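Engineer: What follows is the file data05.cif, containing mmCIF, C-alpha atoms:
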data_start
#
loop_
_atom_site.group_PDB
_atom_site.id
_atom_site.type_symbol
_atom_site.label_atom_id
_atom_site.label_comp_id
_atom_site.auth_asym_id
_atom_site.auth_seq_id
_atom_site.Cartn_x
_atom_site.Cartn_y
_atom_site.Cartn_z
ATOM 1 C CA MET A 1 -23.560 5.344 9.578
ATOM 2 C CA GLY A 2 -25.423 4.173 6.477
ATOM 3 C CA LEU A 3 -26.669 7.651 5.583
ATOM 4 C CA TYR A 4 -23.241 9.187 6.202
ATOM 5 C CA PHE A 5 -21.547 6.696 3.882
ATOM 6 C CA ARG A 6 -24.179 7.025 1.154
ATOM 7 C CA ILE A 7 -23.701 10.799 1.053
ATOM 8 C CA ARG A 8 -19.933 10.559 1.413
ATOM 9 C CA GLU A 9 -19.503 7.964 -1.346
ATOM 10 C CA LYS A 10 -21.824 9.791 -3.735
ATOM 11 C CA LEU A 11 -19.772 12.954 -3.379
ATOM 12 C CA ARG A 12 -16.403 11.154 -3.533
ATOM 13 C CA TYR A 13 -17.341 9.435 -6.779
ATOM 14 C CA SER A 14 -18.324 12.662 -8.515
ATOM 15 C CA PRO A 15 -15.275 13.534 -10.707
ATOM 16 C CA THR A 16 -16.082 17.253 -10.737
ATOM 17 C CA PHE A 17 -16.646 17.465 -6.999
ATOM 18 C CA ASN A 18 -13.604 15.315 -6.208
ATOM 19 C CA ARG A 19 -11.296 17.400 -8.390
ATOM 20 C CA ALA A 20 -12.603 20.718 -7.055
ATOM 21 C CA VAL A 21 -12.215 19.665 -3.418
ATOM 22 C CA TYR A 22 -8.716 18.272 -3.915
ATOM 23 C CA LEU A 23 -7.448 21.329 -5.812
ATOM 24 C CA GLY A 24 -9.067 23.687 -3.307
ATOM 25 C CA GLN A 25 -7.389 21.898 -0.409
ATOM 26 C CA SER A 26 -4.109 21.663 -2.317
ATOM 27 C CA LEU A 27 -4.013 25.404 -2.904
ATOM 28 C CA TYR A 28 -3.654 25.847 0.861
ATOM 29 C CA ARG A 29 -1.730 22.693 1.846
ATOM 30 C CA SER A 30 0.922 23.124 -0.838
ATOM 31 C CA HIS A 31 1.952 26.365 0.909
ATOM 32 C CA PHE A 32 1.112 25.660 4.563
ATOM 33 C CA GLY A 33 1.112 21.882 4.902
ATOM 34 C CA ARG A 34 2.870 20.205 7.825
ATOM 35 C CA LEU A 35 5.807 19.099 5.654
ATOM 36 C CA VAL A 36 6.366 22.282 3.658
ATOM 37 C CA GLY A 37 9.351 23.259 5.813
ATOM 38 C CA ASN A 38 10.900 19.853 5.234
ATOM 39 C CA ALA A 39 10.216 20.144 1.487
ATOM 40 C CA ARG A 40 11.855 23.551 1.251
ATOM 41 C CA ARG A 41 14.973 22.258 2.971
ATOM 42 C CA GLY A 42 14.842 18.838 1.327
ATOM 43 C CA ARG A 43 17.429 17.562 -1.117
ATOM 44 C CA ARG A 44 16.369 15.252 -3.917
ATOM 45 C CA ALA A 45 18.024 11.851 -3.772
ATOM 46 C CA GLU A 46 19.491 10.522 -7.009
ATOM 47 C CA GLN A 47 18.139 7.010 -6.683
ATOM 48 C CA GLY A 48 16.546 4.457 -4.374
ATOM 49 C CA VAL A 49 12.993 3.334 -3.604
ATOM 50 C CA ALA A 50 11.711 2.810 -0.067
ATOM 51 C CA VAL A 51 8.331 1.586 1.144
ATOM 52 C CA CYS A 52 6.517 2.640 4.305
ATOM 53 C CA LEU A 53 4.285 0.183 6.156
ATOM 54 C CA ARG A 54 2.124 0.740 9.214
ATOM 55 C CA PHE A 55 1.272 -2.604 10.762
ATOM 56 C CA ARG A 56 -0.377 -4.287 13.712
ATOM 57 C CA ASP A 57 -0.150 -8.029 14.393
ATOM 58 C CA GLU A 58 0.931 -8.877 10.842
ATOM 59 C CA GLY A 59 3.872 -11.081 11.840
ATOM 60 C CA ARG A 60 2.669 -14.100 9.886
ATOM 61 C CA TYR A 61 2.596 -12.071 6.667
ATOM 62 C CA LEU A 62 5.602 -9.749 6.963
ATOM 63 C CA ALA A 63 8.235 -12.211 5.698
ATOM 64 C CA GLU A 64 6.379 -12.762 2.430
ATOM 65 C CA TRP A 65 5.648 -9.071 1.965
ATOM 66 C CA LEU A 66 9.302 -8.133 2.536
ATOM 67 C CA GLU A 67 10.675 -10.944 0.358
ATOM 68 C CA TYR A 68 8.299 -10.083 -2.484
ATOM 69 C CA HIS A 69 9.020 -6.359 -2.551
ATOM 70 C CA ARG A 70 12.754 -6.848 -2.097
ATOM 71 C CA ALA A 71 12.685 -9.003 -5.243
ATOM 72 C CA ALA A 72 10.660 -6.242 -6.912
ATOM 73 C CA GLY A 73 13.529 -3.802 -6.346
ATOM 74 C CA VAL A 74 12.635 -1.984 -3.129
ATOM 75 C CA ASP A 75 15.837 -0.845 -1.403
ATOM 76 C CA HIS A 76 14.577 -0.137 2.098
ATOM 77 C CA PHE A 77 11.534 -0.574 4.319
ATOM 78 C CA PHE A 78 10.266 1.765 7.035
ATOM 79 C CA LEU A 79 8.089 -0.367 9.311
ATOM 80 C CA TYR A 80 5.860 1.375 11.858
ATOM 81 C CA ASP A 81 4.641 -0.975 14.588
ATOM 82 C CA ASN A 82 1.276 0.120 15.942
ATOM 83 C CA PHE A 83 0.552 -1.924 19.121
ATOM 84 C CA SER A 84 1.542 -5.363 17.780
ATOM 85 C CA ALA A 85 1.426 -8.242 20.263
ATOM 86 C CA ASP A 86 2.592 -11.048 17.972
ATOM 87 C CA HIS A 87 5.999 -12.448 16.948
ATOM 88 C CA TYR A 88 6.794 -9.852 14.281
ATOM 89 C CA ARG A 89 10.255 -8.986 15.683
ATOM 90 C CA SER A 90 11.611 -12.474 15.136
ATOM 91 C CA VAL A 91 10.152 -12.475 11.623
ATOM 92 C CA ILE A 92 11.822 -9.264 10.472
ATOM 93 C CA GLN A 93 15.133 -9.879 12.267
ATOM 94 C CA PRO A 94 17.025 -10.972 9.096
ATOM 95 C CA TRP A 95 16.042 -7.766 7.313
ATOM 96 C CA LEU A 96 16.931 -5.675 10.359
ATOM 97 C CA GLN A 97 20.380 -7.265 10.552
ATOM 98 C CA ALA A 98 20.899 -6.668 6.841
ATOM 99 C CA GLY A 99 20.105 -2.963 7.286
ATOM 100 C CA GLU A 100 17.144 -3.189 4.928
ATOM 101 C CA VAL A 101 14.528 -2.311 7.566
ATOM 102 C CA THR A 102 14.090 0.701 9.823
ATOM 103 C CA LEU A 103 11.738 -0.316 12.635
ATOM 104 C CA VAL A 104 9.824 2.463 14.373
ATOM 105 C CA ASP A 105 7.740 1.919 17.494
ATOM 106 C CA TRP A 106 4.563 3.909 16.877
ATOM 107 C CA PRO A 107 2.082 3.570 19.797
ATOM 108 C CA ARG A 108 -0.256 6.304 18.604
ATOM 109 C CA VAL A 109 -3.996 6.510 18.011
ATOM 110 C CA PRO A 110 -4.658 7.272 15.253
ATOM 111 C CA ALA A 111 -1.448 6.035 13.621
ATOM 112 C CA SER A 112 -2.065 7.918 10.386
ATOM 113 C CA PRO A 113 -1.224 10.410 8.922
ATOM 114 C CA ALA A 114 1.550 11.162 11.450
ATOM 115 C CA ALA A 115 3.407 7.919 10.643
ATOM 116 C CA GLU A 116 3.508 8.654 6.918
ATOM 117 C CA GLU A 117 4.760 12.175 7.530
ATOM 118 C CA ASP A 118 7.424 10.945 9.941
ATOM 119 C CA CYS A 119 8.578 8.540 7.227
ATOM 120 C CA ILE A 120 8.863 11.372 4.714
ATOM 121 C CA ARG A 121 11.171 13.254 7.062
ATOM 122 C CA ARG A 122 13.349 10.166 7.509
ATOM 123 C CA ALA A 123 13.478 9.436 3.784
ATOM 124 C CA THR A 124 14.133 12.929 2.409
ATOM 125 C CA GLY A 125 17.567 13.120 0.804
ATOM 126 C CA ARG A 126 18.023 9.338 1.137
ATOM 127 C CA PHE A 127 15.492 7.902 -1.300
ATOM 128 C CA GLN A 128 14.078 9.122 -4.571
ATOM 129 C CA TRP A 129 10.674 7.553 -3.958
ATOM 130 C CA VAL A 130 8.679 6.295 -0.979
ATOM 131 C CA GLY A 131 5.660 4.076 -1.537
ATOM 132 C CA PHE A 132 2.921 3.788 1.072
ATOM 133 C CA LEU A 133 1.464 0.290 1.246
ATOM 134 C CA ASP A 134 -0.304 -2.036 3.666
ATOM 135 C CA ALA A 135 0.739 -5.595 4.487
ATOM 136 C CA ASP A 136 -2.003 -6.980 2.231
ATOM 137 C CA GLU A 137 -0.885 -4.953 -0.813
ATOM 138 C CA PHE A 138 1.587 -6.202 -3.433
ATOM 139 C CA VAL A 139 2.838 -4.113 -6.372
ATOM 140 C CA VAL A 140 2.821 -5.764 -9.815
ATOM 141 C CA ILE A 141 4.543 -4.380 -12.946
ATOM 142 C CA ARG A 142 3.091 -6.014 -16.057
ATOM 143 C CA ASP A 143 6.260 -6.210 -18.167
ATOM 144 C CA GLY A 144 8.402 -7.573 -15.336
ATOM 145 C CA ARG A 145 10.477 -4.459 -14.722
ATOM 146 C CA SER A 146 11.487 -3.610 -11.178
ATOM 147 C CA ILE A 147 9.604 -0.930 -9.274
ATOM 148 C CA PRO A 148 12.559 1.527 -9.581
ATOM 149 C CA GLU A 149 12.723 0.925 -13.335
ATOM 150 C CA PHE A 150 9.011 1.616 -13.668
ATOM 151 C CA LEU A 151 9.163 4.800 -11.580
ATOM 152 C CA ALA A 152 12.137 6.073 -13.609
ATOM 153 C CA GLY A 153 9.652 6.901 -16.350
ATOM 154 C CA PHE A 154 8.069 9.639 -14.211
ATOM 155 C CA ARG A 155 10.882 12.159 -13.914
ATOM 156 C CA ARG A 156 8.740 15.249 -13.293
ATOM 157 C CA ALA A 157 5.856 13.830 -11.280
ATOM 158 C CA PRO A 158 5.737 14.470 -7.512
ATOM 159 C CA GLY A 159 3.869 11.199 -7.043
ATOM 160 C CA VAL A 160 2.754 8.121 -8.981
ATOM 161 C CA SER A 161 -0.572 6.501 -8.091
ATOM 162 C CA LEU A 162 -1.415 2.865 -8.830
ATOM 163 C CA HIS A 163 -4.900 1.389 -8.729
ATOM 164 C CA TRP A 164 -5.972 -1.508 -6.567
ATOM 165 C CA VAL A 165 -7.052 -4.878 -7.913
ATOM 166 C CA MET A 166 -9.250 -6.423 -5.228
ATOM 167 C CA PHE A 167 -8.760 -10.089 -4.330
ATOM 168 C CA GLY A 168 -11.276 -12.228 -2.461
ATOM 169 C CA SER A 169 -11.196 -15.287 -0.243
ATOM 170 C CA SER A 170 -10.619 -17.844 -3.043
ATOM 171 C CA GLY A 171 -12.974 -20.007 -0.992
ATOM 172 C CA HIS A 172 -10.665 -20.342 2.036
ATOM 173 C CA ARG A 173 -12.347 -20.581 5.413
ATOM 174 C CA VAL A 174 -9.188 -21.589 7.305
ATOM 175 C CA ARG A 175 -5.895 -19.765 6.754
ATOM 176 C CA PRO A 176 -3.885 -21.761 4.166
ATOM 177 C CA ALA A 177 -0.245 -22.660 4.924
ATOM 178 C CA GLU A 178 1.138 -21.090 1.773
ATOM 179 C CA PRO A 179 2.070 -17.606 0.571
ATOM 180 C CA VAL A 180 -0.661 -15.081 -0.113
ATOM 181 C CA ILE A 181 0.354 -14.719 -3.768
ATOM 182 C CA THR A 182 -0.287 -18.423 -4.412
ATOM 183 C CA ALA A 183 -3.153 -19.067 -1.975
ATOM 184 C CA TYR A 184 -5.345 -16.229 -3.238
ATOM 185 C CA GLN A 185 -5.650 -16.067 -7.014
ATOM 186 C CA ARG A 186 -9.274 -15.020 -7.481
ATOM 187 C CA ARG A 187 -10.115 -11.366 -7.909
ATOM 188 C CA ALA A 188 -12.722 -8.850 -9.030
ATOM 189 C CA PRO A 189 -13.170 -8.609 -12.820
ATOM 190 C CA ALA A 190 -12.238 -4.918 -12.969
ATOM 191 C CA PRO A 191 -9.753 -2.678 -11.126
ATOM 192 C CA ASN A 192 -10.815 -0.622 -8.143
ATOM 193 C CA ARG A 193 -11.158 3.157 -8.225
ATOM 194 C CA HIS A 194 -8.868 3.636 -5.232
ATOM 195 C CA VAL A 195 -5.116 4.152 -5.519
ATOM 196 C CA LYS A 196 -2.001 3.983 -3.399
ATOM 197 C CA THR A 197 0.899 6.315 -4.136
ATOM 198 C CA PHE A 198 4.665 6.474 -4.468
ATOM 199 C CA VAL A 199 5.836 9.947 -3.416
ATOM 200 C CA ARG A 200 8.974 12.004 -3.962
ATOM 201 C CA PRO A 201 9.878 12.864 -0.339
ATOM 202 C CA GLU A 202 11.183 16.342 -1.113
ATOM 203 C CA ARG A 203 7.886 17.234 -2.832
ATOM 204 C CA ALA A 204 5.548 16.089 -0.037
ATOM 205 C CA ALA A 205 3.655 18.953 1.636
ATOM 206 C CA GLN A 206 1.162 16.924 3.690
ATOM 207 C CA CYS A 207 -0.415 13.480 3.807
ATOM 208 C CA ARG A 208 -4.075 13.815 2.899
ATOM 209 C CA ASN A 209 -4.995 10.224 3.809
ATOM 210 C CA SER A 210 -3.727 6.676 3.236
ATOM 211 C CA HIS A 211 -4.190 7.079 -0.521
ATOM 212 C CA SER A 212 -3.159 10.592 -1.503
ATOM 213 C CA TRP A 213 -0.897 13.553 -0.766
ATOM 214 C CA PHE A 214 -0.499 17.282 -1.249
ATOM 215 C CA TYR A 215 2.705 18.477 -2.904
ATOM 216 C CA TYR A 216 5.106 21.423 -2.721
ATOM 217 C CA PRO A 217 5.077 23.464 -4.874
ATOM 218 C CA MET A 218 1.471 22.872 -5.864
ATOM 219 C CA GLY A 219 1.159 19.834 -8.094
ATOM 220 C CA VAL A 220 -0.631 16.509 -8.471
ATOM 221 C CA ALA A 221 0.380 12.882 -8.691
ATOM 222 C CA VAL A 222 -0.067 11.062 -11.982
ATOM 223 C CA ARG A 223 -1.413 7.643 -12.884
ATOM 224 C CA GLU A 224 0.324 4.989 -14.991
ATOM 225 C CA HIS A 225 -0.250 6.808 -18.301
ATOM 226 C CA GLY A 226 0.770 10.200 -16.942
ATOM 227 C CA ASP A 227 -2.710 11.694 -16.484
ATOM 228 C CA PRO A 228 -3.323 13.699 -13.280
ATOM 229 C CA MET A 229 -4.667 12.014 -10.169
ATOM 230 C CA TYR A 230 -6.882 14.233 -8.017
ATOM 231 C CA GLY A 231 -7.083 12.665 -4.579
ATOM 232 C CA SER A 232 -7.820 9.047 -3.683
ATOM 233 C CA VAL A 233 -10.165 7.753 -6.383
ATOM 234 C CA ASN A 234 -10.531 7.895 -10.152
ATOM 235 C CA MET A 235 -13.704 6.859 -11.920
ATOM 236 C CA LYS A 236 -11.824 5.247 -14.823
ATOM 237 C CA PRO A 237 -9.225 2.967 -13.193
ATOM 238 C CA THR A 238 -6.580 1.403 -15.433
ATOM 239 C CA THR A 239 -4.123 -1.437 -14.907
ATOM 240 C CA ASP A 240 -2.321 -1.557 -18.246
ATOM 241 C CA LEU A 241 1.225 -1.092 -16.912
ATOM 242 C CA ALA A 242 1.229 -1.477 -13.129
ATOM 243 C CA TRP A 243 -1.149 -1.944 -10.229
ATOM 244 C CA ILE A 244 -1.452 -3.126 -6.607
ATOM 245 C CA ASN A 245 -2.960 -6.487 -5.709
ATOM 246 C CA HIS A 246 -5.035 -5.828 -2.592
ATOM 247 C CA TYR A 247 -5.696 -9.053 -0.683
ATOM 248 C CA TYR A 248 -8.402 -7.452 1.393
ATOM 249 C CA CYS A 249 -10.459 -10.439 2.492
ATOM 250 C CA LYS A 250 -8.160 -13.496 2.703
ATOM 251 C CA SER A 251 -9.653 -16.430 4.630
ATOM 252 C CA GLU A 252 -12.675 -16.362 6.898
ATOM 253 C CA GLU A 253 -10.266 -16.898 9.799
ATOM 254 C CA ASP A 254 -8.240 -13.821 8.835
ATOM 255 C CA TYR A 255 -11.332 -11.726 8.242
ATOM 256 C CA LEU A 256 -12.842 -12.465 11.658
ATOM 257 C CA GLU A 257 -9.541 -11.734 13.419
ATOM 258 C CA LYS A 258 -9.383 -8.280 11.849
ATOM 259 C CA ALA A 259 -13.074 -7.614 12.378
ATOM 260 C CA ALA A 260 -12.629 -8.289 16.116
ATOM 261 C CA ARG A 261 -9.711 -5.878 16.355
ATOM 262 C CA ARG A 262 -10.564 -2.208 16.847
ATOM 263 C CA SER A 263 -8.866 -0.074 14.239
ATOM 264 C CA THR A 264 -6.200 2.425 15.264
ATOM 265 C CA LEU A 265 -5.376 3.454 11.703
ATOM 266 C CA ASP A 266 -7.079 6.824 11.210
ATOM 267 C CA GLN A 267 -10.208 8.616 12.375
ATOM 268 C CA VAL A 268 -12.385 7.313 9.546
ATOM 269 C CA GLY A 269 -11.225 3.729 10.107
ATOM 270 C CA ILE A 270 -11.818 4.040 13.856
ATOM 271 C CA ASN A 271 -15.312 5.492 13.476
ATOM 272 C CA PHE A 272 -16.450 3.464 10.460
ATOM 273 C CA PRO A 273 -14.833 -0.004 10.362
ATOM 274 C CA THR A 274 -15.231 -1.753 6.985
ATOM 275 C CA ARG A 275 -14.723 -5.345 8.230
ATOM 276 C CA ARG A 276 -17.650 -6.441 10.380
ATOM 277 C CA ALA A 277 -18.576 -9.946 11.515
ATOM 278 C CA GLU A 278 -22.170 -9.516 10.342
ATOM 279 C CA ARG A 279 -20.934 -8.867 6.794
ATOM 280 C CA ILE A 280 -18.690 -11.907 6.521
ATOM 281 C CA ALA A 281 -21.010 -14.010 4.329
ATOM 282 C CA GLU A 282 -21.260 -11.173 1.822
ATOM 283 C CA ASP A 283 -17.578 -10.209 1.890
ATOM 284 C CA MET A 284 -16.321 -13.797 1.539
ATOM 285 C CA LEU A 285 -18.140 -14.061 -1.798
ATOM 286 C CA LYS A 286 -16.888 -10.778 -3.220
ATOM 287 C CA ASN A 287 -14.008 -10.363 -5.661
ATOM 288 C CA ASN A 288 -13.660 -13.983 -6.722
ATOM 289 C CA GLU A 289 -14.884 -13.827 -10.317
ATOM 290 C CA ALA A 290 -11.585 -13.894 -12.237
ATOM 291 C CA GLU A 291 -8.445 -16.000 -11.936
ATOM 292 C CA ASP A 292 -5.222 -14.008 -11.609
ATOM 293 C CA THR A 293 -1.712 -15.432 -11.139
ATOM 294 C CA THR A 294 0.202 -12.278 -12.055
ATOM 295 C CA ALA A 295 1.747 -11.635 -8.615
ATOM 296 C CA ALA A 296 3.379 -15.068 -8.504
ATOM 297 C CA GLU A 297 4.508 -14.687 -12.120
ATOM 298 C CA TYR A 298 5.931 -11.225 -11.471
ATOM 299 C CA TYR A 299 7.794 -12.409 -8.390
ATOM 300 C CA GLN A 300 9.242 -15.356 -10.300
ATOM 301 C CA ALA A 301 10.337 -13.074 -13.160
ATOM 302 C CA ARG A 302 12.021 -10.640 -10.766
ATOM 303 C CA CYS A 303 13.871 -13.464 -9.014
ATOM 304 C CA ALA A 304 15.089 -14.836 -12.349
ATOM 305 C CA GLU A 305 16.239 -11.375 -13.438
ATOM 306 C CA SER A 306 18.134 -10.683 -10.219
ATOM 307 C CA GLY A 307 19.457 -14.204 -9.617
ATOM 308 C CA ARG A 308 17.429 -14.671 -6.423
ATOM 309 C CA THR A 309 16.017 -17.978 -5.289
ATOM 310 C CA PRO A 310 12.184 -17.697 -5.515
ATOM 311 C CA LEU A 311 11.636 -18.711 -1.901
ATOM 312 C CA LEU A 312 7.915 -17.997 -1.970
ATOM 313 C CA LEU A 313 7.402 -20.561 -4.734
ATOM 314 C CA GLU A 314 9.870 -23.234 -3.704
ATOM 315 C CA THR A 315 9.482 -23.581 0.084
ATOM 316 C CA GLU A 316 6.653 -25.829 1.285
ATOM 317 C CA PRO A 317 5.020 -25.154 3.594
ATOM 318 C CA TRP A 318 5.945 -21.491 3.576
ATOM 319 C CA PRO A 319 7.401 -20.821 7.065
ATOM 320 C CA GLY A 320 6.415 -17.165 7.109
ATOM 321 C CA ILE A 321 2.779 -18.058 7.665
ATOM 322 C CA ALA A 322 3.398 -19.690 11.049
ATOM 323 C CA GLY A 323 2.089 -18.023 14.186
#
Using structure tokens, write down the structure from this file.
Structural biologist:
Amino acid sequence: MGLYFRIREKLRYSPTFNRAVYLGQSLYRSHFGRLVGNARRGRRAEQGVAVCLRFRDEGRYLAEWLEYHRAAGVDHFFLYDNFSADHYRSVIQPWLQAGEVTLVDWPRVPASPAAEEDCIRRATGRFQWVGFLDADEFVVIRDGRSIPEFLAGFRRAPGVSLHWVMFGSSGHRVRPAEPVITAYQRRAPAPNRHVKTFVRPERAAQCRNSHSWFYYPMGVAVREHGDPMYGSVNMKPTTDLAWINHYYCKSEEDYLEKAARRSTLDQVGINFPTRRAERIAEDMLKNNEAEDTTAAEYYQARCAESGRTPLLLETEPWPGIAG
């Protein structure tokens, strides 16, 4: 596994190689991808932003994630349950009753990329954008605008990719009884090369992986300043306007729970798990160099702008963490 990853990562982080591979694949997938038929028939929606989430046993974190992104301007959530055995249904019930969540039972291995492509079919003609996030990822817009307001600046792009900012354990061994955005405020000093993407449903030709897409007709996503994004990584990540806080590690308790759970995400995740119990000492120390309170500040600003009560900052202890 070590040799495979060394070769794989060396090639992935070569800008020339990465661009050539992505464009070569795109030349074919933009014409013959699994969603091309849907794209040809698809009608562009005038407005609306949805987010797609694949999840498994994330019940204790779903309420915060939904509350945060609803305040950030997301109109609808497509939630794909992949073998959960926790209390997630009771957690999301208020959003289901309000019509803000579409819950899809997705007992498939691997879950991706079929779940993302199913979401595109459901969203086409209904929403202008669909973002693809995980339950430990929170979008932040630096100037306090909503996510729809930010995306409105990309009228011609088929997709908009935002870089990760990686957050560490903040020294927590036991899971703290407070929201993620306040419990974990230590991060890496620089943004991560990886991105996650908001996609125009009627332009999606095929999901490449959890980070990137192919588009119909042939095109590429752009980053925050409008420059092209070829695939999943960029060697010069920027977070001037918007980014995604990735709370990858969380507490030691959280880390060990995920490490013990066999991945069903995609073939790479199944074959090469990144969280491993033997790496916990190393991973718990990573990404803790800089203090960062921007997620809590962004959430508070969005609540003030929209007249919402900032539940994540005013409810102690935060009930969503229970379970």
Engineer: Please enumerate the residues selected by the PyMOL selection byres ((chain A and resi 75) around 10) when evaluated against the supplied file, formatted as a VMD selection string.
Structural biologist: chain A and resid 47 to 51 69 to 74 76 to 77 99 to 101 127 148
Engineer: Selection in question (the file shown): the PyMOL selection byres ((chain A and resi 124) around 7). Which residues does it include, as a VMD selection string?
Structural biologist: chain A and resid 42 to 43 120 to 123 125 to 127 201 to 202
Engineer: Just so the selection is clear, what residues does the PyMOL selection byres ((chain A and resi 80-91) around 9) cover here, as number ranges by chain?
Structural biologist: A: 52-63, 78-79, 92-95, 102-109, 111, 115, 119, 264-265, 320, 323
Engineer: Just how far from atom CA of A:Gln185 is atom CA of A:Glu278, in Å to one decimal?
Structural biologist: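 Straight-line distance from atom CA of A:Glu278 to atom CA of A:Gln185 works out to 24.8 Å.
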Engineer: Calculate how many Å separate atom CA of A:Ala188 from atom CA of A:Leu285, rounding to one decimal.
Structural biologist: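 Atom CA of A:Leu285 lies 10.4 Å from atom CA of A:Ala188.
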Engineer: May I have a table of the residues of stretch 19-43 of chain A lying at most 9 Å from stretch 219-231 of chain A, giving each one's closest pair of atoms and their distance in Å to one decimal, counting all atoms listed in the file, ordered by chain and ascending residue number, as JSON lines?
Structural biologist:
{"residue": "A:Arg19", "atom": "CA", "partner": "A:Tyr230", "partner_atom": "CA", "distance": 5.4}
{"residue": "A:Ala20", "atom": "CA", "partner": "A:Tyr230", "partner_atom": "CA", "distance": 8.7}
{"residue": "A:Val21", "atom": "CA", "partner": "A:Gly231", "partner_atom": "CA", "distance": 8.8}
{"residue": "A:Tyr22", "atom": "CA", "partner": "A:Gly231", "partner_atom": "CA", "distance": 5.9}
{"residue": "A:Leu23", "atom": "CA", "partner": "A:Tyr230", "partner_atom": "CA", "distance": 7.5}
{"residue": "A:Ser26", "atom": "CA", "partner": "A:Gly219", "partner_atom": "CA", "distance": 8.0}
{"residue": "A:Ser30", "atom": "CA", "partner": "A:Gly219", "partner_atom": "CA", "distance": 8.0}
Engineer: For each of A:Ala98, A:Ser210, A:Arg276, A:Tyr68, take the minimum atom-to-atom distance to A:Asp134, counting only C-alpha atoms, then give the residue where this is smallest.
Structural biologist: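 Going through A:Ala98, A:Ser210, A:Arg276, A:Tyr68 one by one, the smallest distance to A:Asp134 is for A:Ser210.
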Engineer: Taking all atoms of stretch 133-142 of chain A that appear in the file, build a box with edges along x, y and z, extend it by 3 Å on every side, and state its centre and edge lengths in Å to one decimal, as lines of an AutoDock Vina configuration file.
Structural biologist:
center_x = 1.3
center_y = -3.3
center_z = -5.8
size_x = 12.5
size_y = 13.3
size_z = 26.5
Engineer: Within 12 Å of A:Ala204, counting only C-alpha atoms, which residues qualify if same-chain residues fewer than 6 places away don't, as a PyMOL selection string?
Structural biologist: chain A and resi 26+29-42+44+116-121+123-124+128-130+157-159+197-198+212-221
Engineer: Rank nothing, just name the residue among A:His211, A:Arg175, A:Arg261, A:Arg279 nearest to A:Val233, using all atoms listed in the file.
Structural biologist: A:His211
Engineer: Closest to A:Asn18 among A:Leu66, A:Asn234, A:Glu282, A:Pro189, using only C-alpha atoms?
Structural biologist: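 Of A:Leu66, A:Asn234, A:Glu282, A:Pro189, the one nearest A:Asn18 is A:Asn234, counting only C-alpha atoms.
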Engineer: Measure the distance from atom CA of A:Ala152 to atom CA of A:Trp65 in Å and round it to one decimal.
Structural biologist: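 Here the two named atoms are 22.7 Å from each other.
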Engineer: Name the closest residue to A:Ala290 among the candidates A:Pro310, A:Pro237, A:Gly168, A:Pro317; distances are taken between atoms, counting all atoms listed in the file.
Structural biologist: A:Gly168
Engineer: Kindly extract all protein, DNA and RNA residues lying within 8 Å of the coordinates (-7.9, -21.0, 2.5) given in the file, considering all atoms listed in the file, and supply them as a list in words.
Structural biologist: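 Output of the proximity query reads Ser169, Ser170, Gly171, His172, Arg173, Val174, Arg175, Pro176, Ala183, Tyr184, Lys250, Ser251 and Glu252 of chain A.
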Engineer: Out of A:Glu67, A:Glu289, A:Glu137, A:Glu46, which residue has the shortest atom-to-atom distance to A:Tyr248 when counting all atoms listed in the file?
Structural biologist: A:Glu137
Engineer: Find the residue from A:Pro179, A:Ser161, A:Arg186, A:Leu256 that sits nearest to A:Arg200; use only C-alpha atoms when measuring.
Structural biologist: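 Closest to A:Arg200, using only C-alpha atoms: A:Ser161.
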Engineer: If I only have part of stretch 277-286 of chain A, can you fill in N, CA and C atoms and write it as a compact mmCIF listing (two decimals), in the frame of the given file?
Structural biologist:
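As written to disk, part.txt reads:
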# COMPACT_ATOMS: atom_id res chain seq x y z
N ALA A 277 -18.22 -8.53 11.46
CA ALA A 277 -18.58 -9.95 11.52
C ALA A 277 -19.91 -10.22 10.82
N GLU A 278 -20.86 -9.29 10.94
CA GLU A 278 -22.17 -9.52 10.34
C GLU A 278 -22.14 -9.44 8.81
N ARG A 279 -21.04 -8.96 8.25
CA ARG A 279 -20.93 -8.87 6.79
C ARG A 279 -20.10 -9.99 6.19
N ILE A 280 -19.67 -10.94 7.00
CA ILE A 280 -18.69 -11.91 6.52
C ILE A 280 -19.22 -12.76 5.36
N ALA A 281 -20.48 -13.18 5.41
CA ALA A 281 -21.01 -14.01 4.33
C ALA A 281 -20.96 -13.27 3.00
N GLU A 282 -21.30 -12.00 3.03
CA GLU A 282 -21.26 -11.17 1.82
C GLU A 282 -19.83 -10.94 1.35
N ASP A 283 -18.95 -10.56 2.28
CA ASP A 283 -17.58 -10.21 1.89
C ASP A 283 -16.77 -11.42 1.42
N MET A 284 -17.05 -12.61 1.96
CA MET A 284 -16.32 -13.80 1.54
C MET A 284 -16.62 -14.18 0.09
N LEU A 285 -17.76 -13.74 -0.42
CA LEU A 285 -18.14 -14.06 -1.80
C LEU A 285 -17.67 -13.02 -2.81
N LYS A 286 -17.29 -11.86 -2.32
CA LYS A 286 -16.89 -10.78 -3.22
C LYS A 286 -15.53 -11.05 -3.86
